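For reference, upload.txt is printed below; it contains compact mmCIF, C-alpha atoms and all ligand atoms.
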```
# COMPACT_ATOMS: atom_id res chain seq x y z
CA MET C 1 -6.41 -29.94 20.76
CA THR C 2 -9.27 -27.42 21.02
CA THR C 3 -9.50 -24.70 18.41
CA GLU C 4 -9.00 -21.17 19.69
CA ILE C 5 -12.09 -19.00 19.22
CA ILE C 6 -11.42 -15.30 18.71
CA LYS C 7 -13.94 -12.49 18.99
CA CYS C 8 -12.13 -10.12 16.66
CA LEU C 9 -9.37 -11.30 14.38
CA ILE C 10 -7.33 -8.66 12.58
CA ILE C 11 -5.30 -9.81 9.59
CA GLY C 12 -2.39 -7.51 8.73
CA SER C 13 -0.28 -4.99 10.57
CA GLY C 14 -0.02 -1.64 8.83
CA PRO C 15 -1.68 1.55 10.08
CA ALA C 16 -5.14 0.10 9.34
CA GLY C 17 -4.59 -3.11 11.32
CA TYR C 18 -2.91 -1.47 14.31
CA THR C 19 -5.53 1.27 14.51
CA ALA C 20 -8.27 -1.35 14.37
CA ALA C 21 -6.44 -3.15 17.19
CA ILE C 22 -6.28 0.01 19.34
CA TYR C 23 -10.01 0.66 18.97
CA ALA C 24 -11.05 -2.98 19.30
CA ALA C 25 -8.93 -3.47 22.42
CA ARG C 26 -10.36 -0.36 24.04
CA ALA C 27 -13.86 -1.57 23.17
CA GLY C 28 -13.15 -4.81 25.03
CA ILE C 29 -13.54 -7.18 22.08
CA LYS C 30 -10.09 -8.70 22.69
CA PRO C 31 -8.54 -8.40 19.25
CA ILE C 32 -5.87 -10.76 18.08
CA LEU C 33 -3.76 -9.42 15.23
CA TYR C 34 -1.60 -11.55 12.95
CA GLN C 35 1.18 -9.44 11.52
CA GLY C 36 1.82 -11.24 8.24
CA SER C 37 5.04 -11.44 6.26
CA GLN C 38 5.92 -7.74 6.55
CA PRO C 39 5.16 -6.62 10.11
CA GLY C 40 4.29 -2.93 9.99
CA GLY C 41 3.40 -3.06 6.31
CA GLN C 42 4.52 -0.75 3.53
CA LEU C 43 5.62 2.02 5.90
CA THR C 44 8.49 -0.14 7.02
CA ILE C 45 10.07 0.35 3.60
CA THR C 46 9.63 4.13 3.71
CA SER C 47 12.20 6.40 5.26
CA ASP C 48 10.77 9.56 6.82
CA VAL C 49 7.04 10.10 7.21
CA GLU C 50 6.34 13.81 7.39
CA ASN C 51 2.66 13.99 6.55
CA TYR C 52 1.14 11.99 9.41
CA PRO C 53 -0.53 14.41 11.83
CA GLY C 54 0.90 14.41 15.33
CA TYR C 55 4.55 14.06 14.38
CA PRO C 56 5.58 17.69 13.83
CA LYS C 57 9.21 16.76 13.26
CA GLY C 58 8.41 13.71 11.11
CA ILE C 59 9.24 10.14 12.00
CA ASN C 60 10.68 7.21 10.15
CA GLY C 61 8.20 4.62 8.95
CA PRO C 62 9.43 1.65 11.03
CA SER C 63 9.46 3.72 14.25
CA MET C 64 5.96 4.95 13.59
CA MET C 65 4.73 1.39 13.17
CA MET C 66 6.43 0.38 16.42
CA ASP C 67 4.57 3.24 18.14
CA PHE C 68 1.28 2.03 16.66
CA GLN C 69 1.98 -1.51 17.85
CA ALA C 70 2.99 -0.38 21.35
CA GLN C 71 -0.19 1.68 21.62
CA ALA C 72 -2.34 -1.31 20.64
CA GLU C 73 -0.51 -3.58 23.10
CA ARG C 74 -0.95 -1.05 25.89
CA PHE C 75 -4.69 -1.66 25.68
CA GLY C 76 -4.30 -5.42 25.60
CA ALA C 77 -4.32 -6.23 21.88
CA ASP C 78 -2.65 -9.57 21.28
CA ILE C 79 -0.18 -9.01 18.42
CA ARG C 80 1.22 -12.23 17.01
CA ASP C 81 3.77 -13.30 14.43
CA GLY C 82 2.26 -15.39 11.72
CA MET C 83 0.69 -15.29 8.32
CA VAL C 84 -2.94 -16.13 7.70
CA THR C 85 -2.69 -18.62 4.85
CA SER C 86 -6.33 -19.57 4.24
CA VAL C 87 -9.85 -18.70 5.32
CA ASP C 88 -13.29 -20.24 5.09
CA PHE C 89 -15.93 -17.54 5.37
CA ASN C 90 -18.77 -19.93 4.49
CA SER C 91 -18.88 -21.37 7.99
CA TYR C 92 -19.54 -19.41 11.17
CA PRO C 93 -17.58 -18.80 13.32
CA PHE C 94 -15.24 -18.16 10.38
CA LYS C 95 -12.43 -20.68 9.95
CA VAL C 96 -8.93 -19.34 9.58
CA THR C 97 -5.58 -21.08 9.21
CA VAL C 98 -2.28 -19.47 10.23
CA ASP C 99 1.04 -20.57 8.74
CA GLU C 100 -0.77 -23.50 7.12
CA SER C 101 -0.80 -25.25 10.47
CA ILE C 102 -2.73 -23.41 13.19
CA ASP C 103 -6.53 -23.52 12.93
CA LEU C 104 -8.58 -20.75 14.51
CA GLN C 105 -12.17 -19.64 14.56
CA ALA C 106 -13.30 -16.02 14.62
CA TYR C 107 -16.63 -14.31 15.27
CA SER C 108 -15.51 -11.24 13.34
CA VAL C 109 -12.63 -10.57 10.98
CA ILE C 110 -10.98 -7.33 9.93
CA ILE C 111 -8.94 -7.63 6.73
CA SER C 112 -6.11 -5.09 6.69
CA THR C 113 -3.61 -6.93 4.52
CA GLY C 114 -2.67 -3.84 2.51
CA ALA C 115 -1.22 -3.72 -0.94
CA SER C 116 2.26 -4.07 -2.31
CA ALA C 117 3.80 -1.76 -4.87
CA LYS C 118 4.83 -3.50 -8.03
CA TRP C 119 8.51 -3.16 -8.84
CA LEU C 120 10.39 -3.40 -12.12
CA GLY C 121 12.52 -6.23 -10.78
CA LEU C 122 15.95 -4.72 -11.44
CA PRO C 123 18.72 -5.52 -8.94
CA SER C 124 19.71 -1.81 -8.88
CA GLU C 125 16.14 -0.90 -7.96
CA GLN C 126 16.28 -3.22 -4.95
CA ARG C 127 19.75 -2.09 -3.90
CA LEU C 128 18.84 1.61 -4.01
CA ASN C 129 15.41 1.24 -2.42
CA SER C 130 14.99 4.07 0.13
CA HIS C 131 18.21 5.61 -1.22
CA GLY C 132 16.54 7.43 -4.05
CA VAL C 133 14.22 4.67 -5.25
CA SER C 134 10.66 4.99 -3.98
CA ALA C 135 7.16 3.89 -4.87
CA CYS C 136 5.43 6.85 -3.22
CA ALA C 137 5.83 10.46 -4.36
CA VAL C 138 3.60 11.81 -1.59
CA CYS C 139 5.81 10.06 0.99
CA ASP C 140 9.25 10.82 -0.42
CA GLY C 141 8.93 13.55 -3.08
CA PHE C 142 9.74 16.31 -0.62
CA PHE C 143 13.32 15.03 -0.27
CA TYR C 144 13.93 15.78 -3.97
CA ARG C 145 12.58 19.31 -4.13
CA GLY C 146 14.51 21.43 -6.61
CA MET C 147 16.13 18.32 -8.10
CA GLU C 148 15.62 16.22 -11.22
CA VAL C 149 13.71 12.95 -10.86
CA ALA C 150 12.19 10.20 -13.01
CA VAL C 151 8.85 8.42 -12.75
CA VAL C 152 8.27 5.11 -14.48
CA GLY C 153 4.74 4.10 -15.45
CA ALA C 154 1.91 5.34 -17.62
CA GLY C 155 -1.30 4.83 -15.64
CA ASP C 156 -3.21 7.22 -13.40
CA THR C 157 -0.79 6.61 -10.55
CA ALA C 158 2.23 7.57 -12.67
CA ALA C 159 0.44 10.65 -14.02
CA GLU C 160 -0.54 11.67 -10.51
CA GLU C 161 2.95 11.06 -9.11
CA ALA C 162 4.53 13.02 -11.98
CA SER C 163 2.14 15.96 -11.45
CA TYR C 164 2.78 15.94 -7.72
CA LEU C 165 6.54 15.86 -8.23
CA ALA C 166 6.41 18.57 -10.91
CA ASN C 167 5.29 20.97 -8.17
CA LEU C 168 8.35 20.20 -6.09
CA CYS C 169 11.12 19.24 -8.47
CA LYS C 170 13.12 21.06 -11.11
CA LYS C 171 12.30 18.47 -13.76
CA VAL C 172 10.36 15.22 -13.97
CA ASN C 173 11.21 12.61 -16.60
CA LEU C 174 8.24 10.34 -17.18
CA LEU C 175 9.33 7.00 -18.63
CA VAL C 176 6.54 5.41 -20.67
CA ARG C 177 7.23 2.01 -22.17
CA ARG C 178 4.75 2.31 -25.05
CA GLY C 179 3.82 5.12 -27.45
CA GLU C 180 0.77 6.01 -25.37
CA MET C 181 -0.36 6.28 -21.79
CA ARG C 182 -2.98 4.19 -20.05
CA ALA C 183 -3.97 7.03 -17.68
CA SER C 184 -7.35 8.76 -18.01
CA LYS C 185 -7.51 11.46 -20.68
CA PHE C 186 -7.76 14.22 -18.10
CA MET C 187 -4.66 13.05 -16.22
CA GLN C 188 -2.72 12.59 -19.46
CA GLU C 189 -3.48 16.11 -20.62
CA ARG C 190 -2.63 17.50 -17.25
CA VAL C 191 0.78 15.84 -17.11
CA GLN C 192 1.58 16.54 -20.77
CA ASN C 193 0.90 20.24 -20.27
CA LEU C 194 3.25 20.67 -17.35
CA PRO C 195 6.30 22.62 -18.55
CA ASN C 196 8.82 20.75 -16.41
CA VAL C 197 7.67 17.23 -17.30
CA GLN C 198 9.43 15.49 -20.17
CA ILE C 199 7.75 12.35 -21.43
CA TRP C 200 10.07 9.71 -22.80
CA TRP C 201 7.90 7.55 -25.09
CA ASN C 202 8.73 3.92 -25.92
CA THR C 203 11.30 4.00 -23.18
CA GLU C 204 12.34 1.19 -20.89
CA THR C 205 14.52 1.38 -17.81
CA GLU C 206 17.71 -0.63 -18.17
CA GLU C 207 19.50 0.29 -14.96
CA ILE C 208 19.29 2.73 -12.09
CA LEU C 209 22.73 4.23 -11.61
CA GLY C 210 24.55 5.09 -8.40
CA GLU C 211 26.59 3.31 -5.76
CA HIS C 212 24.95 4.37 -2.50
CA GLU C 213 22.27 6.70 -3.79
CA VAL C 214 20.57 7.31 -7.09
CA GLU C 215 22.62 9.40 -9.50
CA GLY C 216 20.95 8.61 -12.80
CA VAL C 217 19.01 6.16 -14.90
CA ARG C 218 19.99 4.40 -18.11
CA VAL C 219 17.08 3.99 -20.50
CA ARG C 220 16.59 2.42 -23.93
CA ASN C 221 14.19 3.47 -26.65
CA ASN C 222 12.57 0.21 -27.68
CA LYS C 223 11.77 1.54 -31.19
CA THR C 224 15.18 2.96 -32.13
CA GLY C 225 17.42 1.07 -29.68
CA GLU C 226 18.96 4.38 -28.60
CA ILE C 227 20.44 4.36 -25.09
CA SER C 228 20.34 7.51 -22.94
CA THR C 229 21.51 8.36 -19.45
CA ILE C 230 19.37 10.80 -17.47
CA PRO C 231 20.94 12.41 -14.39
CA ILE C 232 18.40 12.16 -11.57
CA LYS C 233 18.36 11.99 -7.78
CA GLY C 234 15.01 10.29 -7.29
CA PHE C 235 13.49 7.35 -9.15
CA PHE C 236 9.79 6.76 -8.57
CA VAL C 237 8.23 3.47 -9.58
CA ALA C 238 4.51 3.90 -10.34
CA ILE C 239 3.56 0.79 -12.27
CA GLY C 240 0.66 -0.18 -10.06
CA HIS C 241 -0.07 -1.83 -6.75
CA GLN C 242 -1.27 -5.30 -6.02
CA PRO C 243 -3.67 -5.65 -3.09
CA ASN C 244 -2.78 -8.58 -0.84
CA THR C 245 -6.20 -10.16 -1.02
CA GLY C 246 -5.65 -13.42 -2.92
CA ILE C 247 -6.65 -15.71 -0.04
CA PHE C 248 -10.08 -14.05 0.24
CA LYS C 249 -11.06 -14.14 -3.41
CA ASP C 250 -13.40 -17.15 -3.14
CA PHE C 251 -15.55 -15.35 -0.56
CA ILE C 252 -15.21 -11.59 -0.76
CA ASN C 253 -16.41 -9.32 -3.57
CA MET C 254 -13.53 -7.48 -5.21
CA ASP C 255 -12.94 -5.38 -8.29
CA GLU C 256 -11.07 -6.82 -11.24
CA THR C 257 -7.66 -5.93 -9.75
CA GLY C 258 -8.40 -7.51 -6.37
CA TYR C 259 -9.34 -4.48 -4.26
CA ILE C 260 -12.06 -5.45 -1.78
CA LYS C 261 -15.42 -3.79 -2.32
CA THR C 262 -16.89 -2.30 0.82
CA ILE C 263 -20.39 -0.94 1.33
CA ALA C 264 -20.20 2.84 0.95
CA GLY C 265 -19.76 4.70 4.21
CA SER C 266 -18.68 1.57 6.09
CA THR C 267 -16.03 -1.15 6.09
CA LYS C 268 -18.59 -3.94 5.58
CA THR C 269 -17.90 -6.51 2.89
CA ASN C 270 -20.42 -8.83 1.25
CA ILE C 271 -19.92 -11.27 4.16
CA GLU C 272 -21.59 -10.18 7.37
CA GLY C 273 -18.97 -10.01 10.11
CA VAL C 274 -16.01 -9.54 7.75
CA PHE C 275 -14.74 -5.98 7.41
CA ALA C 276 -11.98 -4.46 5.29
CA ALA C 277 -9.74 -1.50 6.01
CA GLY C 278 -6.71 0.22 4.54
CA ASP C 279 -5.11 -0.32 1.16
CA ALA C 280 -6.69 -3.75 0.68
CA GLN C 281 -9.89 -1.82 -0.12
CA ASP C 282 -8.53 1.55 -1.27
CA ASN C 283 -6.88 2.16 -4.62
CA VAL C 284 -7.41 5.90 -4.57
CA TYR C 285 -5.94 7.51 -1.43
CA ARG C 286 -3.49 4.89 -0.08
CA GLN C 287 -2.18 7.05 2.75
CA ALA C 288 -1.20 5.98 6.26
CA VAL C 289 -3.71 8.40 7.73
CA THR C 290 -6.60 7.20 5.53
CA ALA C 291 -5.68 3.59 6.31
CA ALA C 292 -5.72 4.38 10.02
CA GLY C 293 -9.11 6.07 9.60
CA THR C 294 -10.66 3.03 7.98
CA GLY C 295 -9.01 0.78 10.60
CA CYS C 296 -10.89 2.74 13.26
CA MET C 297 -14.12 2.37 11.25
CA ALA C 298 -13.61 -1.39 10.92
CA ALA C 299 -13.18 -1.84 14.68
CA LEU C 300 -16.34 0.16 15.36
CA ASP C 301 -18.20 -1.86 12.73
CA ALA C 302 -16.93 -5.13 14.24
CA GLU C 303 -17.87 -4.06 17.76
CA ARG C 304 -21.42 -3.20 16.64
CA PHE C 305 -21.70 -6.46 14.72
CA LEU C 306 -20.64 -8.51 17.76
CA ALA C 307 -23.06 -6.59 20.02
CA MET C 308 -25.88 -7.24 17.55
CA LYS C 309 -25.01 -10.95 17.57
CA GLY C 310 -24.97 -10.94 21.35
CA ILE C 311 -21.31 -12.04 21.47
CA HIS C 312 -19.70 -10.57 24.56
P1 LIG N 1 -2.29 0.63 -13.94
O1 LIG N 1 -2.29 -0.84 -13.91
O2 LIG N 1 -3.48 1.36 -14.44
O3 LIG N 1 -1.07 1.14 -14.79
C1 LIG N 1 0.20 0.62 -14.65
C2 LIG N 1 1.08 1.30 -15.68
O4 LIG N 1 2.41 0.87 -15.44
C3 LIG N 1 0.70 0.97 -17.11
O5 LIG N 1 0.70 2.12 -17.88
C4 LIG N 1 1.81 0.00 -17.51
O6 LIG N 1 2.21 0.14 -18.85
C5 LIG N 1 2.96 0.45 -16.66
N1 LIG N 1 3.87 -0.65 -16.42
C6 LIG N 1 3.59 -1.87 -15.88
N2 LIG N 1 4.70 -2.61 -15.79
C7 LIG N 1 5.70 -1.84 -16.28
C8 LIG N 1 7.08 -2.05 -16.46
N3 LIG N 1 7.67 -3.19 -16.11
N4 LIG N 1 7.82 -1.06 -17.00
C9 LIG N 1 7.23 0.11 -17.36
N5 LIG N 1 5.93 0.37 -17.22
C10 LIG N 1 5.17 -0.60 -16.68
O7 LIG N 1 -1.91 1.05 -12.43
P2 LIG N 1 -2.17 2.40 -11.65
O8 LIG N 1 -1.58 2.22 -10.31
O9 LIG N 1 -1.74 3.56 -12.44
O10 LIG N 1 -3.75 2.45 -11.48
C11 LIG N 1 -4.45 1.38 -10.87
C12 LIG N 1 -5.93 1.70 -10.83
O11 LIG N 1 -6.16 2.74 -9.89
C13 LIG N 1 -6.45 2.21 -12.17
O12 LIG N 1 -7.76 1.75 -12.34
C14 LIG N 1 -6.44 3.69 -12.01
O13 LIG N 1 -7.38 4.34 -12.85
C15 LIG N 1 -6.78 3.84 -10.54
N6 LIG N 1 -6.24 5.08 -10.00
C16 LIG N 1 -7.08 6.14 -9.91
C17 LIG N 1 -6.64 7.34 -9.46
C18 LIG N 1 -7.58 8.46 -9.38
O14 LIG N 1 -8.72 8.31 -9.79
N7 LIG N 1 -7.19 9.58 -8.83
C19 LIG N 1 -5.24 7.55 -9.05
C20 LIG N 1 -4.41 6.36 -9.21
C21 LIG N 1 -4.94 5.20 -9.67
P3 LIG N 1 1.28 -0.31 -20.09
O15 LIG N 1 0.26 0.78 -20.21
O16 LIG N 1 2.25 -0.34 -21.21
O17 LIG N 1 0.72 -1.64 -19.71
```
Could you render the structure from this file as structure tokens?
Amino acid sequence: MTTEIIKCLIIGSGPAGYTAAIYAARAGIKPILYQGSQPGGQLTITSDVENYPGYPKGINGPSMMMDFQAQAERFGADIRDGMVTSVDFNSYPFKVTVDESIDLQAYSVIISTGASAKWLGLPSEQRLNSHGVSACAVCDGFFYRGMEVAVVGAGDTAAEEASYLANLCKKVNLLVRRGEMRASKFMQERVQNLPNVQIWWNTETEEILGEHEVEGVRVRNNKTGEISTIPIKGFFVAIGHQPNTGIFKDFINMDETGYIKTIAGSTKTNIEGVFAAGDAQDNVYRQAVTAAGTGCMAALDAERFLAMKGIH
């Protein structure tokens, strides 16, 4: 069987991947996009998206991703089920395997595999996901304005989420599992000085309470053993994200947590012809609109790369 050769392969299907597909298809470089294990990406586990420009009434995450996909398909992007399971960027065209069984070759690759929020791993957290449990204050905080919420975590993300929520909510309970925070000094001071943020030191989450939506959280002080119940409506998990970049680590330069390093002002990686967009290379902004922006950049970079190589 002959191996399929692709001009522009896009790996991953969130806002970055679909936007790259829209631009690449319109540029005539015939993109093929593999959707991965969570078609549509992290937005498919969000309820309403109200901060994406162009949707004045808001839209739910899964519908928005279906719109993105339909728009890419309208211009001829080939969107396929399947998970890229390994790559070899040392040979050119690049070698790629899908579902451990289909071998492909690609003249350019756009990595838009995103990141996944880390979760505590409690059954109640899973059950109440999108019913009060969220991993994104900017996405979902608005629904809890005037209410009491909790944030778990102690890094910059948790500090940022708690500060953001403090603007909207009556009270924010920040659950910190040790006696100190990992966040930068500036962020720590900022969050500790907010009058409506209570920091619960040495505190671990035992259970999120509520049948159909979050009604409270049961926590335990790991120094004293004291158990407390905090009445809350929203529970925000901010214990870090993991970029989905493991299969590229032998080839692509990354920081110590696995975020892909791109050349400033572009989506170029250390491998010529491989570009990265969206959360796989962004641990600062992590928004649908910024992911879409870098997806557009990656398609333009790929198109220019192919033109320079004389691949038409
Ligand atoms: P981090 O890995 O820095 O922090 C994760 C935090 O979650 C830690 O404080 C950790 O606690 C806590 N945690 C982990 N597991 C659990 C658990 N099971 N229960 C309770 N708490 C838990 O992740 P961040 O997402 O905060 O930051 C990632 C990177 O992105 C950092 O380099 C950060 O500086 C950067 N960043 C920068 C921002 C900015 O510059 N504006 C904004 C956001 C992030 P412990 O400390 O006890 O290990």
message: At a cut-off of 6 Å and counting only C-alpha atoms and all ligand atoms, what residues surround ligand LIG 1 (chain N)? Please answer as a PyMOL selection string.
response: chain C and resi 120+152-158+177-178+181-182+239-241+283-284
Can you spit out the residues from that selection as a tab-separated table (two decimals), in the frame of the given file, using C-alpha atoms?
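File produced: again00.tsv:
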```tsv
chain	number	residue	atom	x	y	z
C	120	LEU	CA	10.39	-3.40	-12.12
C	152	VAL	CA	8.27	5.11	-14.48
C	153	GLY	CA	4.74	4.10	-15.45
C	154	ALA	CA	1.91	5.34	-17.62
C	155	GLY	CA	-1.30	4.83	-15.64
C	156	ASP	CA	-3.21	7.22	-13.40
C	157	THR	CA	-0.79	6.61	-10.55
C	158	ALA	CA	2.23	7.57	-12.67
C	177	ARG	CA	7.23	2.01	-22.17
C	178	ARG	CA	4.75	2.31	-25.05
C	181	MET	CA	-0.36	6.28	-21.79
C	182	ARG	CA	-2.98	4.19	-20.05
C	239	ILE	CA	3.56	0.79	-12.27
C	240	GLY	CA	0.66	-0.18	-10.06
C	241	HIS	CA	-0.07	-1.83	-6.75
C	283	ASN	CA	-6.88	2.16	-4.62
C	284	VAL	CA	-7.41	5.90	-4.57
```
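Atom pair CA of Ser130 in chain C / CA of Glu204 in chain C has a distance of 21.4 Å (rounded to one decimal).
Considering the residues C:Leu175, C:Glu256, C:Val138, C:Ile263 and counting all atoms listed in the file, Ser228 in chain C has its shortest atom-to-atom contact with C:Leu175.
Ranking C:Ile59, C:Ala277, C:Met83, C:Val237 by their shortest atom-to-atom distance to Ala117 in chain C, with all atoms listed in the file included, puts C:Val237 first.
Look at Ile79 in chain C: the protein and nucleic acid residues within 10 Å of it, using all atoms listed in the file and passing over chain neighbours fewer than 5 places away, are Ile10, Ser13, Tyr18, Ala21, Pro31, Ile32, Leu33, Tyr34, Gln35, Gln69, Ala70, Ala72 and Glu73 of chain C.
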query: Rounded to one decimal in Å, what is the spacing between CA of Thr269 in chain C and CA of Cys136 in chain C?
result: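 Rounded to one decimal, the two atoms are 27.6 Å apart.
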task: Can you pull out every residue within 8 Å of Ser134 in chain C, counting all atoms listed in the file, but drop anything in the same chain fewer than 5 positions away, and send it as a list in words?
output: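 Non-adjacent residues within range: Thr46, Asn129, Asp140, Gly234, Phe235, Phe236 and Val237 of chain C.
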message: Residues near Gln192 in chain C, anyone? I mean within 12 Å using only C-alpha atoms, not counting same-chain ones fewer than 5 positions away, as a ChimeraX atom specification.
response: /C:154,159-160,162-163,166,172-174,180-181,183,185-187,197-201
message: Need to verify the contact set: Lys233 in chain C, 8 Å, all atoms listed in the file, exclusion of same-chain residues closer than 6 positions in sequence. Can you return it as a PyMOL selection string?
response: chain C and resi 132+144+147-149+213-216
- request: In Å, rounded to a single decimal, give me how far CA of Ala288 in chain C is from CA of Pro53 in chain C.
  value: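 Computed distance, CA of Pro53 in chain C to CA of Ala288 in chain C, equals 10.1 Å.
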query: Skipping near chain neighbours, those fewer than 3 positions away, what residues fall within 7 Å of Met297 in chain C using only C-alpha atoms, listed as number ranges by chain?
result: C: 266-267, 293-294, 300-301
task: Pick out the closest residue to Gln126 in chain C from this set: C:Leu165, C:Ile208, C:Leu194, C:Ile247. Count all atoms listed in the file.
output: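 Once distances to Gln126 in chain C are computed over all atoms listed in the file, the minimum belongs to C:Ile208.
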task: Would you please work out which residue, of C:Ser101, C:Ser86, C:Asn244, C:Thr19, is nearest to Ala115 in chain C when using only C-alpha atoms?
output: C:Asn244
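Distances from C:Ala238, C:Met64, C:Ile11, C:Cys169 to Val87 in chain C were compared using all atoms listed in the file, and the smallest one belongs to C:Ile11.
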message: Counting all atoms listed in the file, which residue out of C:Phe89, C:Phe305, C:Tyr164, C:Phe275 sits closest to Ala16 in chain C?
response: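 Of C:Phe89, C:Phe305, C:Tyr164, C:Phe275, the one nearest Ala16 in chain C, counting all atoms listed in the file, is C:Phe275.
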